[in-house]
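Scroll down for the structure; my scribbles are underneath it.
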Amino acid sequence: AALLEEALRARREQGPSEEELRLRAFKEQQEVIRKRVEEKRARKLKELGKALSEVDVRRSRAAAPEPQEGLAPWRLVLQLSSGTWYYNNQVTGERTWEPPPGAPTVAVRPLENPLPWQLVLHLGSGVWYYYDEEAASTSWERPEGAPDVAVCPQEPPAPWRRVLHVSAGEWCYQNEETGETSWEDPAAVAVKEPAPPPPP
């Protein structure tokens, strides 16, 4: 017993081992990641709550027809079975590969697990819903395996356009003149002018 006590006392005096230090660092990293995930989850829930409250307001005004100007009649349809997308005008029935003026576009890799679903964006409201191709029904619930996509942001100032990055589930922005891409909303990024040179 005295030998054991002596070994424990010597161990305490040495401090933590390299393995214990690595374990402690790993636990700290896990905690940072957990906090980031919680923050992102809270942000997405807030966006979803806002989108759903907007949908509830529209449903309560169901007697009044939806305005048919601009992007309101258009839908962006992403086919999860093939990874292709198109734009559909619900009023005229027109289908096109070219985005209507002011409409976002999509960046998508071939899908690893094709699904018989369509991810549909109502361009007038920025709200997503899902269409089951097999059952011919729509749903607000994300089907298993479908991408989790953020609410569509407001149209950025020219020459920028919105681009849905499907694999990330986030929106990015592309400058149509320079080809530059950014995760930051160009309307929110303050561009500072360089300070004038000091007087001679």
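As shown in the structure tokens, the chain order sets the letters A, B, ...; within each chain, residues go from 1, and ligands are also counted from 1 in the order they appear.
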
Next item on the list: Give the strand (DSSP E) residues of segment 96-151 of chain A, as DSSP finds them on the backbone, and put them as a VMD selection string.
Entry: chain A and resid 96 105 to 107 117 to 122 127 to 132 137 to 139

Item checked: segment 6-175 of chain A: residues DSSP assigns to helix (DSSP H, G or I), reported as a ChimeraX atom specification -> /A:6-14,18-60

Writer output for current selection, C-alpha atoms, as a PDB file, in the first residue's frame:
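Generated file (out_23.pdb):
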```pdb
ATOM      1  CA  GLU A   6       4.284   6.688  -3.262  1.00  0.00           C
ATOM      2  CA  ALA A   7       3.607   5.971  -6.966  1.00  0.00           C
ATOM      3  CA  LEU A   8       0.402   8.083  -6.875  1.00  0.00           C
ATOM      4  CA  ARG A   9       2.238  10.970  -5.140  1.00  0.00           C
ATOM      5  CA  ALA A  10       5.026  10.841  -7.750  1.00  0.00           C
ATOM      6  CA  ARG A  11       2.414  10.794 -10.535  1.00  0.00           C
ATOM      7  CA  ARG A  12       0.683  13.893  -9.122  1.00  0.00           C
ATOM      8  CA  GLU A  13       3.976  15.739  -8.905  1.00  0.00           C
ATOM      9  CA  GLN A  14       4.791  14.961 -12.570  1.00  0.00           C
ATOM     10  CA  GLU A  18       1.026  13.672 -22.896  1.00  0.00           C
ATOM     11  CA  GLU A  19      -1.962  11.405 -23.510  1.00  0.00           C
ATOM     12  CA  GLU A  20      -3.995  13.203 -20.831  1.00  0.00           C
ATOM     13  CA  LEU A  21      -3.080  16.565 -22.384  1.00  0.00           C
ATOM     14  CA  ARG A  22      -4.199  15.353 -25.835  1.00  0.00           C
ATOM     15  CA  LEU A  23      -7.441  14.042 -24.345  1.00  0.00           C
ATOM     16  CA  ARG A  24      -8.069  17.387 -22.626  1.00  0.00           C
ATOM     17  CA  ALA A  25      -7.394  19.280 -25.907  1.00  0.00           C
ATOM     18  CA  PHE A  26      -9.702  16.902 -27.775  1.00  0.00           C
ATOM     19  CA  LYS A  27     -12.501  17.493 -25.238  1.00  0.00           C
ATOM     20  CA  GLU A  28     -12.019  21.259 -25.550  1.00  0.00           C
ATOM     21  CA  GLN A  29     -12.283  20.986 -29.368  1.00  0.00           C
ATOM     22  CA  GLN A  30     -15.442  18.918 -29.003  1.00  0.00           C
ATOM     23  CA  GLU A  31     -16.958  21.589 -26.771  1.00  0.00           C
ATOM     24  CA  VAL A  32     -16.132  24.340 -29.315  1.00  0.00           C
ATOM     25  CA  ILE A  33     -17.705  22.277 -32.112  1.00  0.00           C
ATOM     26  CA  ARG A  34     -20.774  21.520 -29.972  1.00  0.00           C
ATOM     27  CA  LYS A  35     -21.260  25.242 -29.312  1.00  0.00           C
ATOM     28  CA  ARG A  36     -20.927  26.072 -33.029  1.00  0.00           C
ATOM     29  CA  VAL A  37     -23.454  23.384 -33.943  1.00  0.00           C
ATOM     30  CA  GLU A  38     -25.879  24.702 -31.301  1.00  0.00           C
ATOM     31  CA  GLU A  39     -25.464  28.279 -32.605  1.00  0.00           C
ATOM     32  CA  LYS A  40     -26.060  27.163 -36.207  1.00  0.00           C
ATOM     33  CA  ARG A  41     -29.067  25.068 -35.149  1.00  0.00           C
ATOM     34  CA  ALA A  42     -30.539  28.035 -33.251  1.00  0.00           C
ATOM     35  CA  ARG A  43     -29.970  30.325 -36.272  1.00  0.00           C
ATOM     36  CA  LYS A  44     -31.619  27.839 -38.653  1.00  0.00           C
ATOM     37  CA  LEU A  45     -34.572  27.359 -36.278  1.00  0.00           C
ATOM     38  CA  LYS A  46     -34.978  31.132 -36.102  1.00  0.00           C
ATOM     39  CA  GLU A  47     -34.912  31.374 -39.936  1.00  0.00           C
ATOM     40  CA  LEU A  48     -37.391  28.512 -40.203  1.00  0.00           C
ATOM     41  CA  GLY A  49     -39.697  30.111 -37.630  1.00  0.00           C
ATOM     42  CA  LYS A  50     -39.587  33.385 -39.564  1.00  0.00           C
ATOM     43  CA  ALA A  51     -40.311  31.608 -42.866  1.00  0.00           C
ATOM     44  CA  LEU A  52     -43.176  29.622 -41.358  1.00  0.00           C
ATOM     45  CA  SER A  53     -44.695  32.748 -39.797  1.00  0.00           C
ATOM     46  CA  GLU A  54     -44.574  34.388 -43.238  1.00  0.00           C
ATOM     47  CA  VAL A  55     -46.313  31.334 -44.713  1.00  0.00           C
ATOM     48  CA  ASP A  56     -48.998  31.486 -41.978  1.00  0.00           C
ATOM     49  CA  VAL A  57     -49.612  35.159 -42.815  1.00  0.00           C
ATOM     50  CA  ARG A  58     -49.998  34.288 -46.506  1.00  0.00           C
ATOM     51  CA  ARG A  59     -52.392  31.440 -45.675  1.00  0.00           C
ATOM     52  CA  SER A  60     -54.527  33.803 -43.579  1.00  0.00           C
TER      53      SER A  60
END
```
